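Structure file structure-v4.txt (compact mmCIF, C-alpha atoms and all ligand atoms) is printed below.
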# COMPACT_ATOMS: atom_id res chain seq x y z
CA MET P 1 272.85 7.46 12.06
CA SER P 2 272.37 9.44 8.84
CA GLN P 3 270.08 12.39 8.16
CA VAL P 4 267.70 11.47 5.32
CA ASN P 5 264.92 13.35 3.58
CA ASN P 6 261.38 12.08 4.19
CA TRP P 7 258.86 13.99 2.03
CA GLN P 8 255.89 12.44 3.84
CA ILE P 9 256.82 14.13 7.12
CA GLY P 10 258.14 17.25 5.41
CA ARG P 11 261.60 17.17 6.96
CA LYS P 12 264.84 15.32 7.43
CA MET P 13 265.01 12.53 9.99
CA GLU P 14 267.47 10.06 11.48
CA TYR P 15 267.94 6.66 9.81
CA ARG P 16 270.60 4.00 10.17
CA TYR P 17 271.70 4.15 6.52
CA ASP P 18 272.22 6.91 3.94
CA GLU P 19 269.37 7.88 1.61
CA ALA P 20 269.46 5.50 -1.37
CA ARG P 21 266.33 5.60 -3.49
CA PRO P 22 265.75 2.78 -5.99
CA LYS P 23 265.64 3.26 -9.76
CA ARG P 24 261.87 3.18 -9.43
CA GLN P 25 259.65 2.47 -6.43
CA PHE P 26 256.92 -0.21 -6.22
CA ALA P 27 253.74 1.48 -4.99
CA ALA P 28 250.02 0.90 -4.77
CA VAL P 29 246.85 2.83 -3.97
CA PHE P 30 244.10 1.06 -2.01
CA ASN P 31 240.59 2.53 -1.85
CA PRO P 32 238.83 1.36 1.36
CA ASN P 33 235.64 3.06 0.15
CA ARG P 34 235.21 0.05 -2.13
CA CYS P 35 236.47 -2.83 0.05
CA ILE P 36 233.89 -5.48 0.99
CA ALA P 37 236.17 -7.60 3.22
CA CYS P 38 235.66 -10.67 1.05
CA GLN P 39 239.29 -11.69 1.84
CA THR P 40 239.89 -12.90 -1.72
CA CYS P 41 243.17 -10.96 -1.65
CA THR P 42 244.12 -12.66 1.61
CA MET P 43 243.50 -16.13 0.19
CA ALA P 44 245.22 -15.32 -3.13
CA CYS P 45 248.37 -14.45 -1.19
CA LYS P 46 248.05 -17.38 1.20
CA SER P 47 247.63 -19.95 -1.55
CA THR P 48 250.61 -18.54 -3.45
CA TRP P 49 253.21 -17.95 -0.73
CA THR P 50 252.32 -19.14 2.79
CA PHE P 51 250.78 -22.63 2.54
CA SER P 52 253.64 -24.60 4.16
CA LYS P 53 254.33 -25.92 7.63
CA GLY P 54 255.29 -23.12 10.01
CA GLN P 55 253.41 -20.57 7.90
CA GLU P 56 249.95 -21.39 9.20
CA TYR P 57 249.55 -18.08 11.06
CA MET P 58 251.13 -15.96 8.33
CA TRP P 59 248.85 -13.57 6.49
CA TRP P 60 251.18 -11.34 4.46
CA ASN P 61 248.00 -9.72 3.13
CA ASN P 62 245.29 -9.18 5.71
CA VAL P 63 242.07 -7.16 5.82
CA GLU P 64 241.08 -5.87 9.25
CA THR P 65 237.99 -3.97 10.42
CA LYS P 66 238.87 -0.67 12.03
CA PRO P 67 238.68 0.58 14.75
CA PHE P 68 238.99 -2.70 16.71
CA GLY P 69 240.46 -5.18 14.23
CA GLY P 70 244.15 -5.68 13.66
CA TYR P 71 246.63 -8.39 12.77
CA PRO P 72 248.48 -8.88 15.02
CA HIS P 73 245.88 -7.57 17.43
CA SER P 74 246.43 -3.90 18.51
CA TRP P 75 249.51 -3.53 16.25
CA ASP P 76 248.89 0.16 15.67
CA SER P 77 247.24 1.30 18.92
CA LYS P 78 250.02 -0.33 20.94
CA LEU P 79 252.77 1.47 19.02
CA LEU P 80 250.85 4.75 19.11
CA SER P 81 250.73 4.48 22.89
CA TYR P 82 254.57 4.42 22.94
CA MET P 83 255.02 7.34 20.61
CA GLY P 84 253.80 10.40 22.53
CA GLU P 85 252.61 13.62 20.84
CA GLN P 86 251.71 13.12 17.18
CA GLU P 87 251.61 16.79 16.27
CA TRP P 88 251.73 18.10 12.68
CA ASP P 89 252.27 21.63 11.41
CA ALA P 90 249.86 21.39 8.48
CA GLY P 91 250.38 25.10 7.78
CA ALA P 92 253.94 24.34 6.58
CA ALA P 93 252.54 22.46 3.55
CA SER P 94 254.17 23.24 0.19
CA ALA P 95 254.78 21.48 -3.13
CA ASP P 96 257.50 19.21 -1.73
CA LYS P 97 255.89 18.72 1.70
CA PRO P 98 252.21 18.15 0.86
CA TYR P 99 251.12 17.29 4.41
CA GLY P 100 253.17 19.97 6.16
CA GLU P 101 255.75 19.07 8.78
CA PHE P 102 255.57 16.41 11.46
CA LYS P 103 256.70 17.86 14.80
CA GLY P 104 256.78 14.69 16.89
CA LYS P 105 259.28 11.85 16.86
CA THR P 106 259.44 9.11 14.22
CA ILE P 107 260.01 5.53 15.38
CA PHE P 108 263.70 5.96 14.50
CA GLU P 109 263.99 9.10 16.63
CA ALA P 110 262.11 7.46 19.52
CA ALA P 111 264.40 4.39 19.58
CA LYS P 112 265.83 3.36 22.92
CA SER P 113 269.40 2.13 23.27
CA LYS P 114 270.10 -1.09 21.34
CA GLU P 115 267.13 -0.39 19.03
CA THR P 116 267.22 1.31 15.64
CA ALA P 117 263.47 2.02 15.92
CA ALA P 118 260.90 1.98 18.71
CA GLY P 119 258.91 -1.25 18.62
CA TYR P 120 257.78 -4.42 20.38
CA ILE P 121 257.36 -8.13 19.65
CA PRO P 122 253.67 -9.11 19.64
CA SER P 123 252.67 -11.88 22.02
CA ASP P 124 251.56 -15.27 20.66
CA ASP P 125 247.92 -14.61 21.47
CA GLN P 126 248.01 -11.37 19.45
CA TRP P 127 248.82 -13.48 16.37
CA ASN P 128 246.06 -16.02 17.12
CA ALA P 129 242.96 -14.37 15.68
CA PRO P 130 243.63 -12.73 12.29
CA ASN P 131 240.16 -11.33 11.86
CA ILE P 132 239.01 -10.52 15.36
CA GLY P 133 236.64 -7.54 15.48
CA GLU P 134 235.32 -8.03 11.95
CA ASP P 135 232.28 -5.85 11.22
CA THR P 136 232.35 -4.43 14.75
CA ALA P 137 231.53 -0.71 14.86
CA ASN P 138 233.04 1.86 17.22
CA LYS P 139 229.92 1.78 19.39
CA ALA P 140 226.47 0.22 19.61
CA ILE P 141 223.30 1.96 18.48
CA HIS P 142 221.79 3.89 21.37
CA LEU P 143 218.01 3.52 21.68
CA GLU P 144 215.72 6.10 23.29
CA ASP P 145 212.04 5.12 23.60
CA GLY P 146 212.75 2.42 21.07
CA VAL P 147 214.11 4.93 18.56
CA ALA P 148 217.70 4.62 17.32
CA GLN P 149 219.86 7.66 18.05
CA ASP P 150 223.19 8.53 16.41
CA TRP P 151 222.03 7.33 13.00
CA ALA P 152 224.30 7.59 10.02
CA GLU P 153 224.55 10.91 8.25
CA LEU P 154 227.27 12.01 5.85
CA PRO P 155 229.82 13.49 5.91
CA GLN P 156 230.93 11.79 9.16
CA HIS P 157 228.99 8.95 10.76
CA LYS P 158 228.80 8.71 14.54
CA ILE P 159 228.69 4.93 14.35
CA TRP P 160 231.20 3.57 11.90
CA PHE P 161 233.72 0.94 10.86
CA PHE P 162 235.78 0.37 7.73
CA TYR P 163 237.96 -2.30 6.16
CA LEU P 164 241.71 -1.72 6.04
CA ALA P 165 243.55 -4.03 3.64
CA ARG P 166 247.25 -4.30 4.47
CA ILE P 167 250.41 -5.69 2.91
CA CYS P 168 254.08 -4.84 3.48
CA ASN P 169 254.53 -1.20 2.47
CA HIS P 170 257.94 -1.78 0.83
CA CYS P 171 259.02 1.32 2.70
CA THR P 172 261.65 3.74 1.46
CA TYR P 173 263.22 3.63 4.94
CA PRO P 174 262.33 0.11 6.10
CA ALA P 175 262.51 -0.38 9.85
CA CYS P 176 262.80 -4.15 9.30
CA LEU P 177 265.97 -3.53 7.27
CA SER P 178 267.55 -1.10 9.72
CA ALA P 179 266.81 -3.48 12.60
CA CYS P 180 268.60 -6.50 11.12
CA PRO P 181 272.09 -7.08 12.56
CA ARG P 182 272.79 -9.67 9.83
CA ALA P 183 272.01 -7.39 6.86
CA ALA P 184 269.63 -10.14 5.73
CA ILE P 185 266.97 -7.67 4.54
CA TYR P 186 267.58 -5.48 1.52
CA LYS P 187 265.74 -3.13 -0.79
CA ARG P 188 265.97 -4.07 -4.46
CA PRO P 189 267.50 -1.18 -6.43
CA GLN P 190 265.49 -2.01 -9.57
CA ASP P 191 261.99 -1.74 -8.02
CA GLY P 192 262.27 -0.83 -4.31
CA ILE P 193 260.70 -4.13 -3.18
CA VAL P 194 261.99 -5.09 0.29
CA VAL P 195 263.02 -8.75 0.51
CA GLN P 196 264.87 -10.96 2.90
CA ASP P 197 267.76 -13.37 2.34
CA GLN P 198 266.69 -16.43 4.31
CA THR P 199 270.18 -17.92 4.20
CA ARG P 200 271.50 -14.93 6.18
CA CYS P 201 268.59 -14.70 8.67
CA ARG P 202 269.21 -16.28 12.07
CA GLY P 203 265.69 -15.71 13.42
CA TYR P 204 266.58 -13.00 15.95
CA ARG P 205 263.21 -11.29 15.22
CA TYR P 206 264.59 -7.75 15.44
CA CYS P 207 262.67 -7.06 12.21
CA VAL P 208 259.45 -8.34 13.82
CA ARG P 209 260.04 -5.98 16.73
CA GLU P 210 260.89 -2.86 14.74
CA CYS P 211 258.57 -3.03 11.70
CA PRO P 212 255.74 -0.73 12.86
CA TYR P 213 253.28 -2.47 10.52
CA LYS P 214 254.20 -5.94 11.88
CA LYS P 215 254.68 -7.49 8.46
CA PRO P 216 257.76 -9.70 9.03
CA MET P 217 256.60 -13.02 10.54
CA TYR P 218 258.69 -15.66 12.30
CA ASN P 219 258.55 -19.24 11.05
CA GLY P 220 258.90 -21.57 14.05
CA ASN P 221 259.50 -24.49 11.73
CA THR P 222 262.45 -23.11 9.74
CA ARG P 223 263.45 -20.73 12.58
CA VAL P 224 263.88 -17.77 10.26
CA THR P 225 261.66 -14.80 9.55
CA GLU P 226 259.66 -14.31 6.36
CA LYS P 227 257.81 -11.39 4.81
CA CYS P 228 255.80 -10.25 1.80
CA ILE P 229 258.02 -10.24 -1.29
CA GLY P 230 255.83 -7.91 -3.36
CA CYS P 231 255.29 -10.83 -5.78
CA TYR P 232 258.59 -9.75 -7.40
CA PRO P 233 258.63 -12.59 -9.98
CA ARG P 234 255.33 -11.22 -11.32
CA VAL P 235 256.46 -7.58 -11.08
CA GLU P 236 259.60 -8.41 -13.10
CA ASP P 237 257.28 -9.49 -15.92
CA ASP P 238 255.10 -6.38 -15.52
CA TRP P 239 252.22 -8.19 -13.78
CA VAL P 240 250.56 -6.80 -10.66
CA THR P 241 250.82 -8.78 -7.39
CA ARG P 242 248.46 -11.67 -6.59
CA CYS P 243 246.49 -9.73 -3.96
CA ILE P 244 246.02 -6.83 -6.37
CA SER P 245 245.05 -9.01 -9.33
CA ALA P 246 242.52 -11.00 -7.25
CA CYS P 247 240.73 -8.01 -5.69
CA VAL P 248 236.99 -8.44 -6.19
CA GLY P 249 236.10 -4.92 -5.07
CA LYS P 250 238.55 -3.30 -7.53
CA ILE P 251 240.00 -1.29 -4.68
CA ARG P 252 243.66 -1.63 -5.75
CA LEU P 253 245.94 -0.04 -8.32
CA GLN P 254 249.65 -0.80 -8.62
CA GLY P 255 252.34 1.31 -10.27
CA TRP P 256 255.40 3.49 -9.73
CA ILE P 257 255.27 6.44 -7.34
CA ASP P 258 258.18 8.33 -8.92
CA ASN P 259 256.95 8.25 -12.53
CA GLU P 260 255.08 11.46 -13.30
CA LYS P 261 253.00 9.73 -15.99
CA SER P 262 251.83 7.00 -13.61
CA PRO P 263 248.30 7.00 -12.16
CA ILE P 264 249.89 6.46 -8.74
CA TYR P 265 251.85 9.71 -9.08
CA PHE P 266 248.64 11.55 -9.97
CA LEU P 267 246.63 10.07 -7.08
CA VAL P 268 249.34 10.60 -4.44
CA LYS P 269 251.41 13.60 -5.45
CA LYS P 270 249.20 15.66 -7.76
CA GLU P 271 245.60 15.12 -6.67
CA GLN P 272 246.68 14.12 -3.12
CA VAL P 273 243.61 11.93 -2.76
CA ALA P 274 245.63 8.89 -1.60
CA LEU P 275 247.58 9.10 1.65
CA PRO P 276 250.28 7.03 3.40
CA LEU P 277 249.43 4.86 6.41
CA TYR P 278 250.84 6.36 9.63
CA PRO P 279 253.33 8.61 7.79
CA GLN P 280 254.46 10.02 11.16
CA TRP P 281 256.25 6.77 11.94
CA GLY P 282 258.87 7.76 9.37
CA THR P 283 259.40 4.67 7.20
CA GLU P 284 257.94 6.41 4.10
CA PRO P 285 255.50 3.57 3.30
CA ASN P 286 254.60 3.03 -0.37
CA VAL P 287 251.02 1.77 -0.10
CA TYR P 288 248.58 4.72 -0.11
CA TYR P 289 244.93 4.88 0.91
CA ILE P 290 241.96 6.91 -0.26
CA PRO P 291 240.37 7.65 3.13
CA PRO P 292 236.89 6.22 3.81
CA ARG P 293 234.42 9.08 3.49
CA TRP P 294 232.15 8.35 6.44
CA VAL P 295 234.72 8.04 9.24
CA PRO P 296 235.37 10.93 11.70
CA PHE P 297 238.36 13.01 10.66
CA SER P 298 239.88 12.83 14.15
CA TYR P 299 240.41 9.08 13.66
CA LEU P 300 241.56 9.37 10.06
CA ASN P 301 244.01 12.21 10.81
CA GLN P 302 245.83 10.02 13.27
CA MET P 303 246.03 7.21 10.71
CA PHE P 304 246.71 9.09 7.47
CA GLY P 305 248.04 12.49 8.57
CA PRO P 306 246.65 15.99 7.98
CA GLY P 307 245.77 15.49 4.29
CA VAL P 308 242.51 13.69 5.10
CA GLU P 309 239.96 16.52 4.73
CA LYS P 310 241.30 17.56 1.34
CA ALA P 311 241.38 13.93 0.16
CA VAL P 312 237.79 13.27 1.28
CA GLU P 313 236.65 16.43 -0.49
CA LYS P 314 238.34 15.28 -3.71
CA ILE P 315 236.90 11.77 -3.61
CA THR P 316 233.42 13.06 -2.83
CA LYS P 317 233.38 15.30 -5.90
CA PRO P 318 235.97 13.74 -8.19
CA SER P 319 237.46 15.68 -11.09
CA HIS P 320 237.06 14.17 -14.57
CA GLU P 321 240.65 12.90 -14.47
CA LEU P 322 240.25 11.33 -11.01
CA LEU P 323 236.98 9.70 -12.00
CA GLY P 324 238.70 8.26 -15.06
CA LEU P 325 241.51 6.80 -12.98
CA LEU P 326 239.04 5.27 -10.55
CA GLN P 327 237.66 3.29 -13.50
CA LEU P 328 241.14 1.82 -14.10
CA PHE P 329 241.36 0.16 -10.67
CA GLY P 330 241.20 -3.63 -10.98
CA VAL P 331 240.56 -3.81 -14.73
CA THR P 332 243.90 -5.26 -15.84
CA GLN P 333 246.50 -7.61 -14.44
CA LYS P 334 249.29 -5.65 -16.14
CA ILE P 335 251.08 -2.82 -14.35
CA ILE P 336 249.87 0.52 -15.70
CA HIS P 337 252.82 2.83 -16.46
CA SER P 338 250.93 5.76 -17.95
CA TYR P 339 247.37 6.76 -18.77
CA GLU P 340 245.16 9.18 -20.63
CA VAL P 341 241.72 10.42 -19.64
CA ASP P 342 239.75 12.03 -22.47
CA GLU P 343 236.13 13.12 -22.81
CA LYS P 344 234.73 9.61 -22.84
CA ASN P 345 237.44 7.11 -21.91
CA ALA P 346 240.23 6.27 -19.49
CA VAL P 347 243.09 4.50 -21.26
CA ALA P 348 245.99 2.57 -19.67
CA PHE P 349 249.41 1.99 -21.27
CA ASP P 350 252.29 -0.39 -20.56
CA GLU P 351 255.97 0.52 -20.25
CA ASN P 352 256.38 0.77 -24.03
CA GLY P 353 253.39 3.05 -24.46
CA LYS P 354 251.23 0.23 -25.83
CA GLU P 355 247.55 0.39 -24.93
CA ILE P 356 246.57 -2.24 -22.32
CA ILE P 357 242.94 -1.40 -21.76
CA ARG P 358 240.35 1.29 -22.43
CA VAL P 359 237.32 1.82 -20.20
CA GLU P 360 234.40 4.15 -20.46
CA ASN P 361 234.53 7.29 -18.33
CA ASN P 362 230.97 8.47 -18.69
CA PRO P 363 230.85 12.28 -18.79
CA GLU P 364 227.26 12.11 -17.52
CA LEU P 365 228.68 11.18 -14.13
CA VAL P 366 231.36 13.82 -13.90
CA GLY P 367 230.57 16.55 -11.44
CA ARG P 368 227.02 16.88 -12.78
CA ASP P 369 225.21 14.20 -10.89
CA GLU P 370 226.45 14.00 -7.31
CA ALA P 371 224.30 11.00 -6.44
CA ALA P 372 225.76 9.03 -9.33
CA CYS P 373 229.30 10.09 -8.46
CA LYS P 374 228.85 8.75 -4.95
CA ASN P 375 228.20 5.32 -6.38
CA VAL P 376 231.34 5.11 -8.48
CA THR P 377 234.00 6.28 -6.04
S1 LIG A 401 256.14 -2.51 6.14
FE1 LIG A 401 257.54 -3.39 7.68
S2 LIG A 401 258.32 -5.24 6.69
FE2 LIG A 401 257.50 -3.94 5.05
S3 LIG A 401 259.27 -2.72 4.35
FE3 LIG A 401 258.15 -1.48 5.87
S4 LIG A 401 259.25 -1.90 7.77
FE4 LIG A 401 259.81 -3.58 6.35
S1 LIG A 402 239.81 -8.76 -2.40
FE1 LIG A 402 239.60 -6.51 -2.50
S2 LIG A 402 237.46 -6.14 -1.84
FE2 LIG A 402 237.99 -8.25 -1.17
S3 LIG A 402 238.81 -7.93 0.93
FE3 LIG A 402 240.58 -7.89 -0.43
S4 LIG A 402 240.88 -5.68 -0.79
FE4 LIG A 402 238.79 -5.90 0.00
Translate the structure of the given file into structure tokens.
Amino acid sequence: MSQVNNWQIGRKMEYRYDEARPKRQFAAVFNPNRCIACQTCTMACKSTWTFSKGQEYMWWNNVETKPFGGYPHSWDSKLLSYMGEQEWDAGAASADKPYGEFKGKTIFEAAKSKETAAGYIPSDDQWNAPNIGEDTANKAIHLEDGVAQDWAELPQHKIWFFYLARICNHCTYPACLSACPRAAIYKRPQDGIVVQDQTRCRGYRYCVRECPYKKPMYNGNTRVTEKCIGCYPRVEDDWVTRCISACVGKIRLQGWIDNEKSPIYFLVKKEQVALPLYPQWGTEPNVYYIPPRWVPFSYLNQMFGPGVEKAVEKITKPSHELLGLLQLFGVTQKIIHSYEVDEKNAVAFDENGKEIIRVENNPELVGRDEAACKNVT
């Protein structure tokens, strides 16, 4: 085991291999505040990559309704129940550890003998119903004398649900990769996308067991495992992935997390409005989420770490720059490498600094009209 630096948990941790960051890292920000669970992303992925025999149950992109939905069912609550105390020292936050320091064990540190990470293989029935629990809230409306109690009131609703869109996180420390005894899974040095060599895979399913997000899926027809490939043929030509390009709700933005000019860098590292999914598990996932504004913080803290309150505050009253970037979600199929937000516009540029698209960023909405701002975030 090596000691590697994980900025999301604010400390070093154990990992099977040495730290080896790619030249640049594929990343995306998803904004569940906008998701309508239309599943267009899900079908865009399915019709591109998983339409063959043996792939029927594979949904590399899925959209589940929290708190009860999940694909496979209970993927996160089951792992959480193995993991013990999930304590953070948020007071230790600094520029290079924005969420403070995680005091519990990562999945790598909680591994039992013969594992590289704590995990489990889902049962067949947990893979059977990809969208179970859709639109089901945390509890039913309670009536007293025919009058509904616990009605919705911002900032945190008592009765709530939200849509969580998920793909492979193309983690910096992939548990699927560390689990594989055949070295069949590798992280591409040019873009950080995690792919699998199917000629090396023997279908042992160690990756299925140890990926905490349950994104590798076993093909009973070919008897090897498959996973999301980050649409790398599109990314090589500077196009965003199929799920991101198809998104009807404009909830998704793709880019590079380590490029200071990138909108992703601004949203994650500078503004800290987009947070990693279960950062405490230690894989350093590279899909980030703007937390849904109406959900109790106790639930969101467990899912996105201690940065939730600050992120919700920022998205509720967005700065001019943040509001501008929110207009750039879903407006181009090209990967945005850099941007500018001026008085009236948000402008996106490609890798060569050429303008891709320009959208209006109406100053009338910026911090002056809260009601209007609520409608655009
Ligand atoms: S989400 Fe799972 S499958 Fe994807 S890179 Fe991370 S550990 Fe591997
Ligand atoms: S296409 Fe976009 S809005 Fe529709 S379910 Fe997928 S992420 Fe949500």
Using all atoms listed in the file, what table do you get, as CSV, when you list each residue of region 212-301 of chain P with an atom no more than 7 Å from region 326-347 of chain P, its nearest pair of atoms, and their distance in Å rounded to one decimal, rows by chain then rising number?
residue,atom,partner,partner_atom,distance
P:Asp238,CA,P:Ile335,CA,5.5
P:Trp239,CA,P:Lys334,CA,4.5
P:Val240,CA,P:Ile335,CA,5.5
P:Ser245,CA,P:Gln333,CA,5.5
P:Cys247,CA,P:Gly330,CA,6.9
P:Lys250,CA,P:Gly330,CA,4.4
P:Ile251,CA,P:Phe329,CA,6.3
P:Arg252,CA,P:Phe329,CA,5.7
P:Leu253,CA,P:Phe329,CA,5.2
P:Gln254,CA,P:Ile335,CA,6.2
P:Gly255,CA,P:Ile335,CA,5.9
P:Lys261,CA,P:Ser338,CA,4.9
P:Ser262,CA,P:Ser338,CA,4.6
P:Pro263,CA,P:Ser338,CA,6.5
Could those selected residues go to a file with C-alpha atoms, as a PDB file, keeping the file's coordinate frame?
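The resulting file, result.pdb, is shown below:
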ATOM      1  CA  ASP P 238     255.100  -6.380 -15.520  1.00  0.00           C
ATOM      2  CA  TRP P 239     252.220  -8.190 -13.780  1.00  0.00           C
ATOM      3  CA  VAL P 240     250.560  -6.800 -10.660  1.00  0.00           C
ATOM      4  CA  SER P 245     245.050  -9.010  -9.330  1.00  0.00           C
ATOM      5  CA  CYS P 247     240.730  -8.010  -5.690  1.00  0.00           C
ATOM      6  CA  LYS P 250     238.550  -3.300  -7.530  1.00  0.00           C
ATOM      7  CA  ILE P 251     240.000  -1.290  -4.680  1.00  0.00           C
ATOM      8  CA  ARG P 252     243.660  -1.630  -5.750  1.00  0.00           C
ATOM      9  CA  LEU P 253     245.940  -0.040  -8.320  1.00  0.00           C
ATOM     10  CA  GLN P 254     249.650  -0.800  -8.620  1.00  0.00           C
ATOM     11  CA  GLY P 255     252.340   1.310 -10.270  1.00  0.00           C
ATOM     12  CA  LYS P 261     253.000   9.730 -15.990  1.00  0.00           C
ATOM     13  CA  SER P 262     251.830   7.000 -13.610  1.00  0.00           C
ATOM     14  CA  PRO P 263     248.300   7.000 -12.160  1.00  0.00           C
TER      15      PRO P 263
END
9 Å from ligand LIG 402 (chain A) is the threshold here; counting all atoms listed in the file, which polymer residues fall inside it? Answer as a ChimeraX atom specification. /P:30-32,34-44,61-64,163-166,243-252
Show me which residues are within 6 Å of ligand LIG 401 (chain A) counting all atoms listed in the file, and format the list as a ChimeraX atom specification. /P:168-171,174-176,194,211,213-216
C-alpha atoms of the current selection, written as a PDB file, keeping the file's coordinate frame:
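out_8.pdb was written with the following content:
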ATOM      1  CA  CYS P 168     254.080  -4.840   3.480  1.00  0.00           C
ATOM      2  CA  ASN P 169     254.530  -1.200   2.470  1.00  0.00           C
ATOM      3  CA  HIS P 170     257.940  -1.780   0.830  1.00  0.00           C
ATOM      4  CA  CYS P 171     259.020   1.320   2.700  1.00  0.00           C
ATOM      5  CA  PRO P 174     262.330   0.110   6.100  1.00  0.00           C
ATOM      6  CA  ALA P 175     262.510  -0.380   9.850  1.00  0.00           C
ATOM      7  CA  CYS P 176     262.800  -4.150   9.300  1.00  0.00           C
ATOM      8  CA  VAL P 194     261.990  -5.090   0.290  1.00  0.00           C
ATOM      9  CA  CYS P 211     258.570  -3.030  11.700  1.00  0.00           C
ATOM     10  CA  TYR P 213     253.280  -2.470  10.520  1.00  0.00           C
ATOM     11  CA  LYS P 214     254.200  -5.940  11.880  1.00  0.00           C
ATOM     12  CA  LYS P 215     254.680  -7.490   8.460  1.00  0.00           C
ATOM     13  CA  PRO P 216     257.760  -9.700   9.030  1.00  0.00           C
TER      14      PRO P 216
END
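Between CA of Arg358 (chain P) and CA of Thr48 (chain P) the interatomic distance comes to 29.3 Å.
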For region 96-100 of chain P, please output as number ranges by chain all residues within 9 Å (counting all atoms listed in the file; exclusion window: fewer than 5 positions along the same chain). P: 6-11, 88-91, 269, 272, 305-307
Store the residues picked out above, limited to C-alpha atoms, as a PDB file, keeping the file's coordinate frame.
ATOM      1  CA  ASN P   6     261.380  12.080   4.190  1.00  0.00           C
ATOM      2  CA  TRP P   7     258.860  13.990   2.030  1.00  0.00           C
ATOM      3  CA  GLN P   8     255.890  12.440   3.840  1.00  0.00           C
ATOM      4  CA  ILE P   9     256.820  14.130   7.120  1.00  0.00           C
ATOM      5  CA  GLY P  10     258.140  17.250   5.410  1.00  0.00           C
ATOM      6  CA  ARG P  11     261.600  17.170   6.960  1.00  0.00           C
ATOM      7  CA  TRP P  88     251.730  18.100  12.680  1.00  0.00           C
ATOM      8  CA  ASP P  89     252.270  21.630  11.410  1.00  0.00           C
ATOM      9  CA  ALA P  90     249.860  21.390   8.480  1.00  0.00           C
ATOM     10  CA  GLY P  91     250.380  25.100   7.780  1.00  0.00           C
ATOM     11  CA  LYS P 269     251.410  13.600  -5.450  1.00  0.00           C
ATOM     12  CA  GLN P 272     246.680  14.120  -3.120  1.00  0.00           C
ATOM     13  CA  GLY P 305     248.040  12.490   8.570  1.00  0.00           C
ATOM     14  CA  PRO P 306     246.650  15.990   7.980  1.00  0.00           C
ATOM     15  CA  GLY P 307     245.770  15.490   4.290  1.00  0.00           C
TER      16      GLY P 307
END
Kindly assemble as CSV a list of the region 225-338 of chain P residues that lie within 7 Å of region 106-117 of chain P, each paired with its nearest atom pair and their distance in Å to one decimal, using only C-alpha atoms, sorted first by chain and then by ascending residue number.
residue,atom,partner,partner_atom,distance
P:Gln280,CA,P:Thr106,CA,5.9
P:Trp281,CA,P:Thr106,CA,4.6
P:Gly282,CA,P:Thr106,CA,5.1
Quick one: residues within 7 Å of Gln25 (chain P), only C-alpha atoms, excluding same-chain residues fewer than 6 positions away - as a PyMOL selection string? chain P and resi 191-192+256-258
Mind checking which residues fall within 12 Å of Phe162 (chain P), counting all atoms listed in the file, ignoring those fewer than 3 positions away in the same chain, and posting them as a PyMOL selection string? chain P and resi 31-37+63-70+133-138+157+159+165+291-296+299-300
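Candidate residues P:Val147, P:Gln196, P:Met1, P:Thr241 were compared for distance to Thr225 (chain P), and the nearest is P:Gln196, using all atoms listed in the file.
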Go ahead and compute the interatomic distance for CA of Arg16 (chain P) and CA of Glu210 (chain P), in Å to one decimal. 12.7 Å
If we count only C-alpha atoms, what is near Tyr15 (chain P) at a cut-off of 7 Å, once residues fewer than 2 positions away on the same chain are taken out, given as a PyMOL selection string? chain P and resi 1-4+13+17+108
Among listed residues P:Tyr278, P:Tyr232, P:Tyr288, P:Phe26, nearest Asp76 (chain P) (using only C-alpha atoms): P:Tyr278
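The closest residue to Pro22 (chain P), picked from P:Lys317, P:Arg188, P:Lys270, P:His142 and counting all atoms listed in the file, is P:Arg188.
Among the candidates P:Ala348, P:Asn5, P:Cys228, P:Tyr71, the one nearest to Pro130 (chain P) when counting all atoms listed in the file is P:Tyr71.
Put simply, CA of Ile264 (chain P) is 17.1 Å away from CA of Val312 (chain P).
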Residue contacts of Pro72 (chain P) (8 Å, only C-alpha atoms) excluding same-chain residues fewer than 3 positions away, as a ChimeraX atom specification: /P:75,122,126-130,214
